[in-house]
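Down below is the structure, laid out as structure tokens.
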Amino acid sequence: MDVIEAMETCSAARYLKPDPVPQELLERAIYAATRASSPGNSQQWDFIVVRSPEAKQKIRDLLAPRFKAMREGLPTTGQITNRMIAGAIHLAQALDEVPAIIFVCGPVAYPPNAPMEQFVWSALYPAAQNLIVAARSLGLGTTFTTFHMLMEHELRELLGIPKEIKFGVMIPIGWPQNDFVKVKRKPISKVIHWDKWSD
């Protein structure tokens with residue numbers, strides 16, 4: 001699959017089948033993640049792949065009620081956003097059934113002589129983006145989530161993550177229940193400024 005085609009059809013997959021994903025495909029997606037750029041080629045990233053049914057159940061039990069409570073405090077905003085939120089609620093409630101959950105994380109370690117936190121994200125987000133595009137090319141569905149923010153302390157304890165490690169993204173991964181569709185984005189004419197800023 002052409003990389004542009006993978007990118008333009010890398011729609012968020014919040015409805016995943018429980019069918020297992022072979023380890024070699026998970027490793028292939030993570031291999032692609034580690035081809036990303038990072039500050040000074042520091043490669044300061046780690047990937048926690050949670051496949052244990054017990055761990056996934058604990059994560060689901062932590063997340064689902066907190067996400068539901070958070071959602072109840074927000075106003076409805078429109079059909080597309082409501083559909084997205086419905087998918088997120090479904091995913092939170094079915095997290096124990098997804099084949100794997102990948103946490104992209106890493107330390108504050110660059111530059112070596114004076115590490116700064118902003119460089120963590122310069123490594124983790126490109127790696128996570130590579131991962132989801134590679135997963136799409138393999139026929140796997142993913143979506144970026146920030147679910148970890150609702151249960152970070154408990155996740156650290158459950159997964160044995162040291163306090164100095166930062167969470168970047170939490171990515172459920174599996175075979176999608178629905179077909180991939182082209183993502184909807186603004187035309188590039190709305191976002192390009194040639195030579196200087198223009199309205």
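Each chain in the structure tokens gets a letter, A, B and so on, in the order shown; residues start at 1 in every chain, and ligands are counted from 1 in the order they appear.
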
I want to know what sits within 12 Å of stretch 103-115 of chain A, based on only C-alpha atoms, with residues of the same chain fewer than 6 positions away left out; could you give that as number ranges by chain?
A: 30, 33-34, 38-51, 121-132, 143-149, 152, 155-156, 159, 161-173

Using the chain letters and numbers from this document, which residues of stretch 77-147 of chain A does DSSP assign to strand (DSSP E or B), as a PDB file with N, CA, C and O atoms, in the first residue's frame?
ATOM      1  N   ALA A 100      -4.937  -5.809  21.791  1.00  0.00           N
ATOM      2  CA  ALA A 100      -3.771  -5.240  22.470  1.00  0.00           C
ATOM      3  C   ALA A 100      -3.953  -3.738  22.660  1.00  0.00           C
ATOM      4  O   ALA A 100      -4.678  -3.089  21.905  1.00  0.00           O
ATOM      5  N   ILE A 101      -3.286  -3.228  23.667  1.00  0.00           N
ATOM      6  CA  ILE A 101      -3.218  -1.792  23.916  1.00  0.00           C
ATOM      7  C   ILE A 101      -1.731  -1.431  23.964  1.00  0.00           C
ATOM      8  O   ILE A 101      -0.969  -2.056  24.704  1.00  0.00           O
ATOM      9  N   ILE A 102      -1.342  -0.453  23.152  1.00  0.00           N
ATOM     10  CA  ILE A 102       0.058  -0.047  23.116  1.00  0.00           C
ATOM     11  C   ILE A 102       0.198   1.336  23.747  1.00  0.00           C
ATOM     12  O   ILE A 102      -0.468   2.283  23.327  1.00  0.00           O
ATOM     13  N   PHE A 103       1.050   1.429  24.747  1.00  0.00           N
ATOM     14  CA  PHE A 103       1.381   2.707  25.364  1.00  0.00           C
ATOM     15  C   PHE A 103       2.720   3.164  24.808  1.00  0.00           C
ATOM     16  O   PHE A 103       3.711   2.438  24.891  1.00  0.00           O
ATOM     17  N   VAL A 104       2.746   4.349  24.211  1.00  0.00           N
ATOM     18  CA  VAL A 104       3.981   4.934  23.689  1.00  0.00           C
ATOM     19  C   VAL A 104       4.478   5.898  24.751  1.00  0.00           C
ATOM     20  O   VAL A 104       3.784   6.855  25.103  1.00  0.00           O
ATOM     21  N   CYS A 105       5.650   5.630  25.295  1.00  0.00           N
ATOM     22  CA  CYS A 105       6.142   6.439  26.392  1.00  0.00           C
ATOM     23  C   CYS A 105       7.661   6.565  26.353  1.00  0.00           C
ATOM     24  O   CYS A 105       8.316   5.920  25.546  1.00  0.00           O
ATOM     25  N   GLY A 106       8.199   7.428  27.200  1.00  0.00           N
ATOM     26  CA  GLY A 106       9.635   7.609  27.218  1.00  0.00           C
ATOM     27  C   GLY A 106      10.070   8.609  28.271  1.00  0.00           C
ATOM     28  O   GLY A 106       9.252   9.326  28.852  1.00  0.00           O
ATOM     29  N   PRO A 107      11.375   8.696  28.515  1.00  0.00           N
ATOM     30  CA  PRO A 107      11.900   9.573  29.554  1.00  0.00           C
ATOM     31  C   PRO A 107      12.244  10.965  29.057  1.00  0.00           C
ATOM     32  O   PRO A 107      12.387  11.196  27.861  1.00  0.00           O
ATOM     33  N   GLY A 141      -6.613  -1.728  12.704  1.00  0.00           N
ATOM     34  CA  GLY A 141      -7.233  -0.484  13.112  1.00  0.00           C
ATOM     35  C   GLY A 141      -6.644   0.019  14.418  1.00  0.00           C
ATOM     36  O   GLY A 141      -6.301  -0.779  15.300  1.00  0.00           O
ATOM     37  N   THR A 142      -6.522   1.329  14.528  1.00  0.00           N
ATOM     38  CA  THR A 142      -6.010   1.968  15.742  1.00  0.00           C
ATOM     39  C   THR A 142      -6.721   3.299  15.918  1.00  0.00           C
ATOM     40  O   THR A 142      -7.419   3.768  15.013  1.00  0.00           O
ATOM     41  N   THR A 145      -5.486   7.794  21.613  1.00  0.00           N
ATOM     42  CA  THR A 145      -6.322   8.184  22.744  1.00  0.00           C
ATOM     43  C   THR A 145      -5.453   8.835  23.814  1.00  0.00           C
ATOM     44  O   THR A 145      -4.241   8.614  23.868  1.00  0.00           O
TER      45      THR A 145
END

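One distance worth recording is that between atom CA of A:Tyr31 and atom CA of A:Leu95, which is 23.9 Å.
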
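The space between atom CA of A:Ala13 and atom CA of A:Asp179 spans 9.0 Å.
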
Residues near stretch 56-61 of chain A, anyone? I mean within 6 Å using only C-alpha atoms, not counting same-chain ones fewer than 3 positions away, as a PyMOL selection string.
chain A and resi 53+64+95-96

All helix (DSSP H, G or I) positions in stretch 11-198 of chain A, as number ranges by chain:
A: 23-33, 39-41, 53-72, 79-93, 95-97, 118-137, 147-150, 152-159, 188-190

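One finds atom CA of A:Ala29 at 5.5 Å from atom CA of A:Ala135.
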
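Within 10 Å of A:Ala86, once only C-alpha atoms are used and residues closer than 5 positions along the same chain are dropped, the contacting residues are Arg14, Arg71, Ile80, Thr81, Leu91 and Ala92 of chain A.
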
Since we have the selection now, will you write its residues out, keeping all heavy atoms, as a short mmCIF file (atom, residue, chain, number, x, y, z; two decimals), in the first residue's frame?
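Output file again_21.cif is given in full below:
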data_model
loop_
_atom_site.label_atom_id
_atom_site.label_comp_id
_atom_site.auth_asym_id
_atom_site.auth_seq_id
_atom_site.Cartn_x
_atom_site.Cartn_y
_atom_site.Cartn_z
N ARG A 14 -12.48 2.79 16.39
CA ARG A 14 -12.88 2.68 17.79
C ARG A 14 -13.72 1.43 18.05
O ARG A 14 -14.06 1.13 19.19
CB ARG A 14 -13.65 3.93 18.22
CG ARG A 14 -12.81 5.19 18.15
CD ARG A 14 -13.54 6.43 18.63
NE ARG A 14 -12.71 7.61 18.53
CZ ARG A 14 -12.69 8.43 17.46
NH1 ARG A 14 -13.49 8.19 16.43
NH2 ARG A 14 -11.89 9.47 17.44
N ARG A 71 -17.57 12.56 30.43
CA ARG A 71 -18.41 12.84 29.25
C ARG A 71 -19.73 13.46 29.66
O ARG A 71 -20.25 14.35 28.99
CB ARG A 71 -18.62 11.55 28.46
CG ARG A 71 -19.57 11.68 27.29
CD ARG A 71 -19.06 12.67 26.25
NE ARG A 71 -20.14 13.08 25.37
CZ ARG A 71 -20.55 14.33 25.23
NH1 ARG A 71 -20.01 15.29 25.91
NH2 ARG A 71 -21.52 14.62 24.40
N ILE A 80 -21.39 14.84 14.12
CA ILE A 80 -20.09 14.20 13.91
C ILE A 80 -19.36 14.03 15.23
O ILE A 80 -18.84 12.94 15.53
CB ILE A 80 -19.24 15.00 12.90
CG1 ILE A 80 -19.89 14.95 11.52
CG2 ILE A 80 -17.82 14.47 12.84
CD1 ILE A 80 -19.25 15.84 10.48
N THR A 81 -19.33 15.06 16.04
CA THR A 81 -18.66 14.97 17.33
C THR A 81 -19.35 13.95 18.23
O THR A 81 -18.70 13.16 18.91
CB THR A 81 -18.63 16.35 18.03
OG1 THR A 81 -17.96 17.26 17.17
CG2 THR A 81 -17.91 16.28 19.36
N LEU A 91 -15.41 2.26 22.96
CA LEU A 91 -14.04 1.76 23.09
C LEU A 91 -13.65 1.64 24.57
O LEU A 91 -13.08 0.63 24.99
CB LEU A 91 -13.07 2.67 22.35
CG LEU A 91 -11.60 2.27 22.37
CD1 LEU A 91 -11.39 0.88 21.78
CD2 LEU A 91 -10.76 3.31 21.62
N ALA A 92 -13.97 2.66 25.35
CA ALA A 92 -13.64 2.63 26.78
C ALA A 92 -14.32 1.45 27.47
O ALA A 92 -13.72 0.77 28.30
CB ALA A 92 -14.05 3.95 27.44
#

With only C-alpha atoms as the counted atoms, please give the residues lying no more than 12 Å from A:Val181, apart from itself and same-chain residues fewer than 5 positions off, as a PyMOL selection string.
chain A and resi 5-13+136+141+176

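Nearest residue to A:Val98 among A:Gly174, A:Pro22, A:Pro187, A:Gly139 is A:Gly174, counting only C-alpha atoms.
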
What lies within 12 Å of A:Asp199 using only C-alpha atoms, ignoring chain neighbours under 4 positions off, as number ranges by chain?
A: 189-194
